[in-house]
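Asks: If it helps, the file is called structure-v3.cif and holds mmCIF, C-alpha atoms and all ligand atoms:
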```
data_coords
#
loop_
_atom_site.label_atom_id
_atom_site.label_comp_id
_atom_site.auth_asym_id
_atom_site.auth_seq_id
_atom_site.Cartn_x
_atom_site.Cartn_y
_atom_site.Cartn_z
CA MET U 4 -20.05 -58.21 -12.18
CA ASN U 5 -21.97 -55.45 -13.92
CA THR U 6 -25.73 -55.30 -13.68
CA PHE U 7 -26.33 -56.27 -17.30
CA LYS U 8 -24.34 -59.48 -16.89
CA GLN U 9 -26.03 -60.12 -13.54
CA ARG U 10 -29.41 -59.78 -15.21
CA ILE U 11 -28.68 -62.17 -18.05
CA LEU U 12 -27.17 -64.68 -15.66
CA THR U 13 -30.37 -64.56 -13.63
CA LEU U 14 -32.33 -65.07 -16.84
CA ALA U 15 -30.09 -67.97 -17.71
CA MET U 16 -30.72 -69.56 -14.33
CA LEU U 17 -34.48 -69.16 -14.76
CA ALA U 18 -34.24 -70.72 -18.21
CA VAL U 19 -32.40 -73.69 -16.73
CA ALA U 20 -34.87 -74.07 -13.89
CA SER U 21 -37.78 -74.30 -16.30
CA ALA U 22 -36.07 -76.61 -18.81
CA PRO U 23 -37.70 -80.04 -19.11
CA ALA U 24 -35.90 -82.85 -17.31
CA LEU U 25 -33.88 -84.89 -19.79
CA SER U 26 -33.54 -88.58 -19.46
CA GLN U 27 -30.54 -89.71 -21.57
CA SER U 28 -27.75 -90.57 -19.16
CA PRO U 29 -29.05 -89.62 -15.72
CA THR U 30 -28.89 -92.04 -12.89
CA VAL U 31 -29.46 -89.74 -9.90
CA PRO U 32 -30.94 -86.23 -9.67
CA MET U 33 -28.45 -83.36 -9.46
CA PRO U 34 -28.45 -81.78 -6.01
CA VAL U 35 -26.67 -78.44 -5.59
CA PRO U 36 -25.60 -77.82 -2.01
CA ASP U 37 -26.53 -74.59 -0.23
CA GLU U 38 -23.65 -72.10 0.20
CA ALA U 39 -24.57 -72.00 3.90
CA SER U 40 -23.34 -75.60 4.20
CA ILE U 41 -19.72 -74.56 3.51
CA PRO U 42 -17.99 -75.25 6.84
CA LYS U 43 -15.95 -72.68 8.75
CA GLY U 44 -12.19 -73.20 9.06
CA PRO U 45 -9.46 -74.42 6.67
CA MET U 46 -11.72 -76.74 4.67
CA GLY U 47 -14.30 -74.01 4.08
CA ASP U 48 -11.54 -71.60 3.10
CA ALA U 49 -10.26 -74.10 0.53
CA ILE U 50 -13.77 -74.62 -0.91
CA LYS U 51 -14.25 -70.86 -1.29
CA ARG U 52 -10.78 -70.44 -2.80
CA GLY U 53 -11.53 -73.23 -5.28
CA LYS U 54 -14.74 -71.54 -6.36
CA ALA U 55 -12.90 -68.22 -6.80
CA LEU U 56 -10.21 -69.89 -8.94
CA LEU U 57 -12.78 -71.53 -11.18
CA THR U 58 -14.91 -68.41 -11.67
CA ASP U 59 -12.05 -65.87 -11.96
CA THR U 60 -9.42 -68.15 -13.52
CA HIS U 61 -7.97 -65.75 -16.08
CA LYS U 62 -7.11 -63.16 -13.43
CA GLN U 63 -6.17 -65.46 -10.55
CA LEU U 64 -4.05 -68.04 -12.39
CA PRO U 65 -2.17 -66.05 -15.06
CA LYS U 66 0.63 -68.66 -15.23
CA ASN U 67 -1.83 -71.42 -16.07
CA VAL U 68 -4.28 -69.60 -18.35
CA GLY U 69 -3.25 -68.70 -21.90
CA ASN U 70 -6.49 -67.10 -23.10
CA GLY U 71 -9.29 -64.79 -21.98
CA LEU U 72 -11.58 -67.41 -20.44
CA ASN U 73 -12.60 -68.56 -16.98
CA CYS U 74 -13.54 -72.17 -16.29
CA THR U 75 -17.09 -70.95 -15.76
CA SER U 76 -17.24 -69.39 -19.25
CA CYS U 77 -18.38 -72.89 -20.26
CA HIS U 78 -19.18 -74.63 -16.95
CA LEU U 79 -21.95 -72.12 -16.26
CA ASN U 80 -22.96 -70.84 -12.81
CA ALA U 81 -19.86 -72.18 -11.07
CA GLY U 82 -20.36 -75.67 -12.47
CA THR U 83 -23.92 -76.13 -11.23
CA THR U 84 -25.89 -75.93 -14.51
CA ALA U 85 -27.20 -79.20 -15.94
CA HIS U 86 -26.12 -79.76 -19.57
CA ALA U 87 -23.35 -77.16 -19.25
CA SER U 88 -20.97 -79.90 -18.08
CA PRO U 89 -21.66 -79.48 -14.33
CA TRP U 90 -19.03 -80.44 -11.77
CA VAL U 91 -21.61 -81.81 -9.34
CA GLY U 92 -20.92 -85.47 -8.54
CA LEU U 93 -17.60 -85.70 -10.37
CA VAL U 94 -15.59 -86.58 -7.26
CA GLY U 95 -17.35 -89.96 -7.15
CA ALA U 96 -17.31 -90.43 -10.94
CA PHE U 97 -13.51 -90.34 -11.42
CA PRO U 98 -11.12 -92.07 -11.99
CA GLU U 99 -12.75 -92.91 -15.30
CA TYR U 100 -11.82 -94.29 -18.73
CA ARG U 101 -11.61 -91.56 -21.36
CA SER U 102 -11.33 -92.48 -25.03
CA ARG U 103 -9.51 -89.23 -25.89
CA SER U 104 -6.74 -90.19 -23.43
CA GLY U 105 -7.07 -93.92 -24.18
CA LYS U 106 -6.74 -94.72 -20.47
CA VAL U 107 -8.23 -94.33 -17.02
CA ILE U 108 -7.60 -90.80 -15.72
CA SER U 109 -8.10 -89.00 -12.41
CA LEU U 110 -10.25 -85.92 -11.85
CA GLN U 111 -7.04 -83.88 -11.47
CA GLU U 112 -5.88 -85.05 -14.90
CA ARG U 113 -9.29 -84.14 -16.37
CA ILE U 114 -9.07 -80.67 -14.80
CA ASN U 115 -5.60 -80.22 -16.28
CA ASP U 116 -6.93 -81.32 -19.70
CA CYS U 117 -9.20 -78.26 -19.60
CA PHE U 118 -6.30 -76.05 -18.41
CA GLN U 119 -4.22 -77.13 -21.41
CA ARG U 120 -6.97 -77.13 -24.04
CA SER U 121 -10.02 -75.06 -23.07
CA MET U 122 -7.82 -72.49 -21.31
CA ASN U 123 -4.91 -72.90 -23.78
CA GLY U 124 -2.63 -72.91 -20.74
CA LYS U 125 -0.52 -75.01 -18.43
CA PRO U 126 -1.41 -77.76 -15.95
CA LEU U 127 -1.47 -77.26 -12.18
CA ALA U 128 0.75 -79.44 -10.00
CA PHE U 129 -1.37 -82.20 -8.45
CA ASP U 130 -0.12 -81.33 -4.95
CA SER U 131 -0.52 -77.55 -5.34
CA ALA U 132 -2.75 -75.55 -3.00
CA GLU U 133 -4.69 -74.42 -6.08
CA MET U 134 -5.45 -77.95 -7.29
CA ASN U 135 -6.45 -78.97 -3.77
CA ALA U 136 -8.73 -75.93 -3.50
CA ILE U 137 -10.41 -76.84 -6.81
CA MET U 138 -10.80 -80.43 -5.63
CA ALA U 139 -12.23 -79.21 -2.30
CA TYR U 140 -14.87 -77.15 -4.14
CA MET U 141 -15.77 -80.08 -6.43
CA LYS U 142 -15.95 -82.43 -3.44
CA TRP U 143 -18.31 -80.04 -1.67
CA LEU U 144 -20.38 -79.76 -4.88
CA SER U 145 -20.59 -83.57 -4.93
CA THR U 146 -22.13 -83.76 -1.46
CA GLY U 147 -24.82 -86.44 -1.35
CA VAL U 148 -24.11 -87.89 -4.81
CA PRO U 149 -23.34 -91.61 -4.41
CA THR U 150 -19.91 -92.78 -5.62
CA GLY U 151 -20.08 -94.37 -9.06
CA THR U 152 -23.23 -92.62 -10.26
CA ASN U 153 -23.79 -89.90 -12.86
CA VAL U 154 -25.95 -86.92 -12.07
CA ALA U 155 -28.80 -86.00 -14.41
CA GLY U 156 -27.48 -83.38 -16.81
CA ARG U 157 -23.82 -84.47 -16.64
CA GLY U 158 -21.96 -83.29 -19.74
CA PHE U 159 -24.12 -81.84 -22.48
CA GLU U 160 -27.49 -82.65 -23.96
CA LYS U 161 -27.16 -85.26 -26.72
CA ILE U 162 -27.22 -83.86 -30.24
CA ASP U 163 -27.97 -85.79 -33.43
CA THR U 164 -24.53 -86.26 -35.01
CA SER U 165 -26.06 -87.32 -38.32
CA LEU U 166 -27.17 -83.71 -38.96
CA THR U 167 -25.18 -82.26 -41.88
CA PRO U 168 -23.71 -78.86 -40.99
CA ASP U 169 -24.26 -75.78 -43.13
CA PRO U 170 -21.59 -73.27 -42.03
CA VAL U 171 -22.85 -70.61 -44.46
CA HIS U 172 -26.24 -70.63 -42.73
CA GLY U 173 -24.31 -70.84 -39.44
CA LYS U 174 -22.59 -67.55 -40.23
CA THR U 175 -26.00 -65.88 -40.66
CA ILE U 176 -27.20 -67.24 -37.33
CA TYR U 177 -23.96 -66.11 -35.68
CA GLY U 178 -24.44 -62.57 -36.99
CA ALA U 179 -28.07 -62.44 -35.89
CA GLN U 180 -27.94 -64.22 -32.52
CA CYS U 181 -24.38 -64.32 -31.18
CA ALA U 182 -22.34 -61.39 -32.49
CA SER U 183 -24.06 -58.83 -30.23
CA CYS U 184 -22.22 -60.37 -27.25
CA HIS U 185 -19.36 -62.43 -28.73
CA GLY U 186 -18.39 -59.84 -31.41
CA ALA U 187 -18.57 -59.88 -35.22
CA GLU U 188 -15.04 -61.31 -35.29
CA GLY U 189 -15.62 -63.72 -32.40
CA GLN U 190 -13.41 -61.48 -30.27
CA GLY U 191 -15.84 -61.14 -27.34
CA THR U 192 -16.64 -57.96 -25.42
CA LYS U 193 -13.84 -56.77 -23.15
CA ASN U 194 -14.41 -55.56 -19.63
CA PRO U 195 -12.68 -52.18 -19.16
CA GLN U 196 -11.58 -53.47 -15.71
CA GLY U 197 -9.81 -56.45 -17.31
CA GLY U 198 -10.94 -59.77 -18.73
CA TYR U 199 -14.16 -60.15 -20.68
CA ILE U 200 -17.83 -59.41 -20.06
CA PHE U 201 -18.67 -61.71 -22.97
CA PRO U 202 -15.93 -64.22 -23.76
CA PRO U 203 -14.35 -64.68 -27.20
CA VAL U 204 -15.39 -67.71 -29.28
CA TRP U 205 -12.45 -67.67 -31.67
CA GLY U 206 -9.09 -65.92 -32.11
CA LYS U 207 -6.02 -65.79 -29.85
CA ASP U 208 -7.96 -65.43 -26.58
CA SER U 209 -10.23 -68.44 -27.26
CA PHE U 210 -9.95 -72.18 -26.50
CA ASN U 211 -7.47 -74.11 -28.68
CA VAL U 212 -8.10 -76.69 -31.42
CA GLY U 213 -7.59 -79.56 -28.95
CA ALA U 214 -10.48 -78.43 -26.70
CA GLY U 215 -13.78 -80.33 -26.50
CA MET U 216 -15.53 -77.09 -27.50
CA ALA U 217 -13.56 -77.07 -30.78
CA ARG U 218 -15.49 -80.20 -31.80
CA MET U 219 -18.52 -79.21 -33.83
CA TYR U 220 -21.09 -81.53 -32.26
CA THR U 221 -19.85 -80.91 -28.72
CA ALA U 222 -20.09 -77.15 -29.32
CA ALA U 223 -23.53 -77.60 -30.91
CA ALA U 224 -24.76 -79.52 -27.86
CA PHE U 225 -23.50 -76.79 -25.52
CA VAL U 226 -24.96 -73.99 -27.65
CA LYS U 227 -28.34 -75.63 -28.16
CA HIS U 228 -29.01 -75.89 -24.45
CA ASN U 229 -27.22 -72.77 -23.19
CA MET U 230 -26.98 -70.06 -25.87
CA PRO U 231 -27.89 -67.33 -26.61
CA LEU U 232 -27.34 -66.78 -22.89
CA GLY U 233 -30.70 -66.67 -21.14
CA GLN U 234 -32.45 -68.15 -24.20
CA GLY U 235 -31.07 -71.68 -24.16
CA GLY U 236 -33.22 -74.20 -26.02
CA THR U 237 -34.50 -71.70 -28.60
CA LEU U 238 -32.25 -72.83 -31.48
CA SER U 239 -33.19 -75.98 -33.39
CA ALA U 240 -30.64 -78.80 -33.37
CA GLN U 241 -29.89 -78.04 -37.05
CA ASP U 242 -29.30 -74.32 -36.32
CA ALA U 243 -27.05 -75.23 -33.37
CA VAL U 244 -24.99 -77.56 -35.60
CA ASP U 245 -24.79 -74.89 -38.31
CA VAL U 246 -23.62 -72.10 -35.99
CA ALA U 247 -21.15 -74.50 -34.31
CA ALA U 248 -19.80 -75.52 -37.73
CA TYR U 249 -19.16 -71.84 -38.39
CA PHE U 250 -17.47 -70.71 -35.17
CA THR U 251 -15.51 -73.87 -34.31
CA GLN U 252 -13.69 -73.70 -37.68
CA GLN U 253 -12.53 -70.10 -37.24
CA PRO U 254 -8.85 -69.45 -36.42
CA ARG U 255 -7.83 -70.31 -32.84
CA PRO U 256 -4.66 -71.38 -31.01
CA ASP U 257 -3.15 -74.73 -32.03
CA TYR U 258 -2.55 -77.66 -29.66
CA ALA U 259 0.41 -79.71 -30.85
CA ALA U 260 -0.24 -82.64 -28.49
CA LYS U 261 -3.64 -83.27 -30.12
CA ALA U 262 -1.84 -85.68 -32.49
CA LYS U 263 -1.62 -88.10 -29.53
CA ASP U 264 -5.38 -88.00 -28.80
CA TRP U 265 -7.59 -91.06 -29.25
CA PRO U 266 -4.64 -93.50 -29.28
CA LYS U 267 -6.98 -96.47 -29.66
CA GLY U 268 -8.19 -95.30 -33.07
CA ASP U 269 -11.73 -94.28 -32.02
CA ARG U 270 -11.26 -90.64 -33.03
CA PRO U 271 -14.68 -88.94 -33.48
CA LYS U 272 -15.46 -87.47 -36.90
CA ASP U 273 -15.67 -83.89 -35.64
CA ALA U 274 -12.24 -83.87 -33.89
CA ARG U 275 -9.96 -81.17 -35.29
C1 LIG U 301 -14.20 -73.46 -23.74
C2 LIG U 301 -15.07 -74.16 -22.82
C3 LIG U 301 -14.48 -74.75 -21.56
C4 LIG U 301 -13.74 -74.13 -20.59
C5 LIG U 301 -13.30 -72.69 -20.55
C6 LIG U 301 -13.42 -75.13 -19.59
N1 LIG U 301 -13.98 -76.31 -19.94
FE1 LIG U 301 -13.99 -78.02 -18.84
N2 LIG U 301 -15.01 -78.97 -20.30
C7 LIG U 301 -15.39 -78.41 -21.50
C8 LIG U 301 -15.98 -79.43 -22.34
C9 LIG U 301 -16.51 -79.20 -23.75
C10 LIG U 301 -15.96 -80.62 -21.60
C11 LIG U 301 -16.46 -81.99 -22.04
C12 LIG U 301 -15.56 -82.49 -23.11
C13 LIG U 301 -15.96 -83.82 -23.65
O1 LIG U 301 -16.30 -84.70 -22.85
O2 LIG U 301 -15.92 -83.97 -24.87
C14 LIG U 301 -15.35 -80.29 -20.31
C15 LIG U 301 -15.18 -81.20 -19.28
C16 LIG U 301 -14.64 -80.90 -18.05
C17 LIG U 301 -14.58 -81.82 -16.93
C18 LIG U 301 -15.13 -83.24 -16.92
C19 LIG U 301 -16.64 -83.23 -16.80
C20 LIG U 301 -17.25 -84.61 -16.77
O3 LIG U 301 -18.48 -84.71 -16.61
O4 LIG U 301 -16.52 -85.59 -16.90
C21 LIG U 301 -14.00 -81.14 -15.89
C22 LIG U 301 -13.71 -81.66 -14.51
C23 LIG U 301 -13.67 -79.82 -16.38
N3 LIG U 301 -14.08 -79.71 -17.69
C24 LIG U 301 -13.05 -78.84 -15.63
C25 LIG U 301 -12.69 -77.59 -16.13
C26 LIG U 301 -11.88 -76.65 -15.41
C27 LIG U 301 -11.34 -76.85 -14.01
C28 LIG U 301 -11.73 -75.57 -16.22
C29 LIG U 301 -10.87 -74.36 -15.99
C30 LIG U 301 -9.48 -74.62 -15.68
C31 LIG U 301 -12.48 -75.83 -17.43
N4 LIG U 301 -13.02 -77.08 -17.36
C32 LIG U 301 -12.64 -74.92 -18.47
C33 LIG U 301 -15.30 -77.08 -21.85
C34 LIG U 301 -14.62 -76.12 -21.13
C1 LIG U 302 -26.54 -62.01 -24.16
C2 LIG U 302 -25.16 -62.24 -24.53
C3 LIG U 302 -24.85 -63.56 -25.25
C4 LIG U 302 -25.37 -64.01 -26.44
C5 LIG U 302 -26.38 -63.34 -27.35
C6 LIG U 302 -24.70 -65.26 -26.72
N1 LIG U 302 -23.82 -65.55 -25.71
FE1 LIG U 302 -22.53 -67.13 -25.66
N2 LIG U 302 -21.92 -66.57 -23.80
C7 LIG U 302 -22.31 -65.43 -23.13
C8 LIG U 302 -21.66 -65.38 -21.84
C9 LIG U 302 -21.78 -64.27 -20.80
C10 LIG U 302 -20.89 -66.54 -21.74
C11 LIG U 302 -20.03 -66.97 -20.55
C12 LIG U 302 -20.88 -67.33 -19.37
C13 LIG U 302 -20.29 -66.89 -18.04
O1 LIG U 302 -19.17 -66.39 -17.99
O2 LIG U 302 -21.01 -67.05 -17.04
C14 LIG U 302 -21.05 -67.27 -23.00
C15 LIG U 302 -20.39 -68.44 -23.32
C16 LIG U 302 -20.35 -68.98 -24.60
C17 LIG U 302 -19.46 -70.04 -25.03
C18 LIG U 302 -18.41 -70.73 -24.18
C19 LIG U 302 -17.28 -69.82 -23.80
C20 LIG U 302 -16.44 -69.33 -24.96
O3 LIG U 302 -16.28 -68.13 -25.07
O4 LIG U 302 -15.97 -70.14 -25.76
C21 LIG U 302 -19.75 -70.30 -26.34
C22 LIG U 302 -19.07 -71.31 -27.23
C23 LIG U 302 -20.84 -69.43 -26.73
N3 LIG U 302 -21.17 -68.64 -25.65
C24 LIG U 302 -21.44 -69.43 -27.98
C25 LIG U 302 -22.54 -68.64 -28.30
C26 LIG U 302 -23.28 -68.74 -29.55
C27 LIG U 302 -22.93 -69.70 -30.69
C28 LIG U 302 -24.27 -67.82 -29.51
C29 LIG U 302 -25.34 -67.56 -30.54
C30 LIG U 302 -26.22 -68.67 -30.85
C31 LIG U 302 -24.15 -67.12 -28.24
N4 LIG U 302 -23.10 -67.65 -27.53
C32 LIG U 302 -24.94 -66.04 -27.85
C33 LIG U 302 -23.16 -64.47 -23.62
C34 LIG U 302 -23.89 -64.55 -24.79
#
```
Using structure tokens, write down the structure from this file.
Replies:
Amino acid sequence: MNTFKQRILTLAMLAVASAPALSQSPTVPMPVPDEASIPKGPMGDAIKRGKALLTDTHKQLPKNVGNGLNCTSCHLNAGTTAHASPWVGLVGAFPEYRSRSGKVISLQERINDCFQRSMNGKPLAFDSAEMNAIMAYMKWLSTGVPTGTNVAGRGFEKIDTSLTPDPVHGKTIYGAQCASCHGAEGQGTKNPQGGYIFPPVWGKDSFNVGAGMARMYTAAAFVKHNMPLGQGGTLSAQDAVDVAAYFTQQPRPDYAAKAKDWPKGDRPKDAR
């Protein structure tokens, strides 16, 4: 990691630490275990391998990743940031009913949903060493969270979905507050050593149209709390909706199987 990125990540962590506690869906506080608690031996090796796969996904799993992202491009700080869809506590939250799937799904299926949509790639076999390593990391992250509870900050901060988007204003915000890192054409900033320093937000190396982040209000909720990186919480809800309306509608890979989403007819209005 270069020093600039290191610095903004530190800033981002400070911003998160000082954010006010939100009270929408929390049931238990979100503990993040200390790295020193990773055991020695095969289990510890699997936990560390899982973390490496999730933070360096594009490079380490080229057969499963079809774009320029890592899992942690969205699940910030290795899945430990509240309101950036943290992975803490998920091992005791799944299996769970998901309206997009129209059925109860396992955590492995949810992980593969992100491989196929957010990463525009291919699922991992449930019994693969890679899936088990990812599960081992998420289990370790869930240490101390009671089964059947949600941690505070699970998912994203709620956003008012009655706000009417103004993508023209969103384009102005994008140019002023996002393009310096994510590029004027949403193409991101490449790392000369491979991958991206700042990930793309549209185009061929971005998430596909079936991804949660392609939904305007989901993207707005993520952006409002987490972007610009290190300055999360500075955009108004309206500005976050406007900028999300702009970048989510830009060209990105298709996802043919999206036609089968929300089989029970409860498709949200911002689904693409
Ligand atoms: C482009 C952003 C993005 C990337 C990259 C991404 N995800 Fe996600 N992920 C999301 C969004 C958005 C959601 C929530 C979607 C929703 O509920 O509408 C989510 C949800 C999840 C959940 C469920 C969280 C919960 O509280 O139920 C898991 C587990 C998950 N992702 C794992 C992964 C893994 C593993 C990877 C890498 C293979 C990954 N994600 C890559 C955006 C992303
Ligand atoms: C200082 C540089 C910087 C600025 C400015 C910035 N971002 Fe980001 N953004 C990042 C980084 C870095 C990540 C990935 C985090 C990681 O890898 O740890 C990210 C992740 C994202 C993601 C999820 C990953 C992806 O590529 O799809 C979205 C969406 C996003 N930013 C949107 C925005 C929007 C909208 C703005 C403007 C309001 C913005 N960002 C401003 C640096 C920045």
Asks: With 8 Å added on each side, what axis-aligned box encloses every listed atom of ligand LIG 302 (chain U)? Give the centre and edge lengths in Å to one decimal, as AutoDock Vina command-line options.
Replies:
```
--center_x -21.3 --center_y -66.7 --center_z -23.9 --size_x 26.6 --size_y 25.3 --size_z 29.8
```
Asks: Can you list, as a list in words, every protein, DNA or RNA residue that comes within 9 Å of Gln119 (chain U) when you count only C-alpha atoms, leaving out same-chain residues fewer than 4 positions away?
Replies: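 Here the qualifying residues turn out to be Asn67, Val68, Gly69, Ile114, Asn115, Asn123, Gly124, Lys125, Pro126, Asn211, Gly213, Ala214 and Tyr258 of chain U.
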Asks: Please find the residues contacting ligand LIG 302 (chain U) at a distance of at most 8 Å between atoms, with only C-alpha atoms and all ligand atoms counted, and report them as a VMD selection string.
Replies: chain U and resid 8 11 to 12 58 72 to 73 75 to 81 176 to 177 179 to 185 191 200 to 205 209 to 210 216 222 to 223 225 to 227 229 to 233 238 243 246 to 247 250
Asks: Would you mind telling me which residue in U:Ala39, U:Gly71, U:Gly173, U:Arg52 lies nearest to Tyr199 (chain U) when using only C-alpha atoms?
Replies: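 Among the listed residues, the smallest separation from Tyr199 (chain U) belongs to U:Gly71.
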Asks: Please compute the atom C13 of ligand LIG 301 (chain U)-CA of Gly215 (chain U) distance, one decimal, in Å.
Replies: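 So the two atoms, atom C13 of ligand LIG 301 (chain U) and CA of Gly215 (chain U), lie 5.0 Å apart.
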Asks: With distances taken over all atoms listed in the file, which residue among U:Glu133, U:Ala248, U:Ala139, U:Gly82 lies nearest Leu64 (chain U)?
Replies: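 Of all the options, U:Glu133 lies closest to Leu64 (chain U).
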Asks: Within 12 Å of (-11.7, -85.1, -14.1) (coordinates as in the file), grab all the protein and nucleic acid residues, counting only C-alpha atoms, and write them out as a PDB file with C-alpha atoms, in the frame of the given file.
Replies:
```pdb
ATOM      1  CA  SER U  88     -20.970 -79.900 -18.080  1.00  0.00           C
ATOM      2  CA  PRO U  89     -21.660 -79.480 -14.330  1.00  0.00           C
ATOM      3  CA  TRP U  90     -19.030 -80.440 -11.770  1.00  0.00           C
ATOM      4  CA  VAL U  91     -21.610 -81.810  -9.340  1.00  0.00           C
ATOM      5  CA  GLY U  92     -20.920 -85.470  -8.540  1.00  0.00           C
ATOM      6  CA  LEU U  93     -17.600 -85.700 -10.370  1.00  0.00           C
ATOM      7  CA  VAL U  94     -15.590 -86.580  -7.260  1.00  0.00           C
ATOM      8  CA  GLY U  95     -17.350 -89.960  -7.150  1.00  0.00           C
ATOM      9  CA  ALA U  96     -17.310 -90.430 -10.940  1.00  0.00           C
ATOM     10  CA  PHE U  97     -13.510 -90.340 -11.420  1.00  0.00           C
ATOM     11  CA  PRO U  98     -11.120 -92.070 -11.990  1.00  0.00           C
ATOM     12  CA  GLU U  99     -12.750 -92.910 -15.300  1.00  0.00           C
ATOM     13  CA  TYR U 100     -11.820 -94.290 -18.730  1.00  0.00           C
ATOM     14  CA  ARG U 101     -11.610 -91.560 -21.360  1.00  0.00           C
ATOM     15  CA  SER U 104      -6.740 -90.190 -23.430  1.00  0.00           C
ATOM     16  CA  VAL U 107      -8.230 -94.330 -17.020  1.00  0.00           C
ATOM     17  CA  ILE U 108      -7.600 -90.800 -15.720  1.00  0.00           C
ATOM     18  CA  SER U 109      -8.100 -89.000 -12.410  1.00  0.00           C
ATOM     19  CA  LEU U 110     -10.250 -85.920 -11.850  1.00  0.00           C
ATOM     20  CA  GLN U 111      -7.040 -83.880 -11.470  1.00  0.00           C
ATOM     21  CA  GLU U 112      -5.880 -85.050 -14.900  1.00  0.00           C
ATOM     22  CA  ARG U 113      -9.290 -84.140 -16.370  1.00  0.00           C
ATOM     23  CA  ILE U 114      -9.070 -80.670 -14.800  1.00  0.00           C
ATOM     24  CA  ASN U 115      -5.600 -80.220 -16.280  1.00  0.00           C
ATOM     25  CA  ASP U 116      -6.930 -81.320 -19.700  1.00  0.00           C
ATOM     26  CA  CYS U 117      -9.200 -78.260 -19.600  1.00  0.00           C
ATOM     27  CA  PHE U 118      -6.300 -76.050 -18.410  1.00  0.00           C
ATOM     28  CA  MET U 134      -5.450 -77.950  -7.290  1.00  0.00           C
ATOM     29  CA  ILE U 137     -10.410 -76.840  -6.810  1.00  0.00           C
ATOM     30  CA  MET U 138     -10.800 -80.430  -5.630  1.00  0.00           C
ATOM     31  CA  MET U 141     -15.770 -80.080  -6.430  1.00  0.00           C
ATOM     32  CA  LYS U 142     -15.950 -82.430  -3.440  1.00  0.00           C
ATOM     33  CA  GLY U 158     -21.960 -83.290 -19.740  1.00  0.00           C
TER      34      GLY U 158
END
```
Asks: I'd like the contact shell of Asp264 (chain U) - 10 Å cut-off, all atoms listed in the file, skipping same-chain residues fewer than 4 positions apart - returned as a list of chain:residue names.
Replies: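 Counting all atoms listed in the file, the residues come to U:Ser102, U:Arg103, U:Ser104, U:Gly105, U:Gly213, U:Ala260, U:Gly268, U:Asp269, U:Arg270, U:Ala274.
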Asks: Rounded to one decimal place, report the CA of Thr237 (chain U)-atom C15 of ligand LIG 301 (chain U) distance in Å.
Replies: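 Value for the CA of Thr237 (chain U)-atom C15 of ligand LIG 301 (chain U) distance: 23.5 Å.
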Asks: Excluding Asp163 (chain U) and any residue of its chain fewer than 3 positions from it, enumerate the residues within 12 Å of it, using all atoms listed in the file, and give them as a ChimeraX atom specification.
Replies: /U:160,166-168,219-221,223-224,227,239-244
Asks: Output C-alpha atoms for every residue in that selection, as a short mmCIF file (atom, residue, chain, number, x, y, z; two decimals), in the frame of the given file.
Replies:
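File written: result_39.cif
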```cif
data_model
loop_
_atom_site.label_atom_id
_atom_site.label_comp_id
_atom_site.auth_asym_id
_atom_site.auth_seq_id
_atom_site.Cartn_x
_atom_site.Cartn_y
_atom_site.Cartn_z
CA GLU U 160 -27.49 -82.65 -23.96
CA LEU U 166 -27.17 -83.71 -38.96
CA THR U 167 -25.18 -82.26 -41.88
CA PRO U 168 -23.71 -78.86 -40.99
CA MET U 219 -18.52 -79.21 -33.83
CA TYR U 220 -21.09 -81.53 -32.26
CA THR U 221 -19.85 -80.91 -28.72
CA ALA U 223 -23.53 -77.60 -30.91
CA ALA U 224 -24.76 -79.52 -27.86
CA LYS U 227 -28.34 -75.63 -28.16
CA SER U 239 -33.19 -75.98 -33.39
CA ALA U 240 -30.64 -78.80 -33.37
CA GLN U 241 -29.89 -78.04 -37.05
CA ASP U 242 -29.30 -74.32 -36.32
CA ALA U 243 -27.05 -75.23 -33.37
CA VAL U 244 -24.99 -77.56 -35.60
#
```
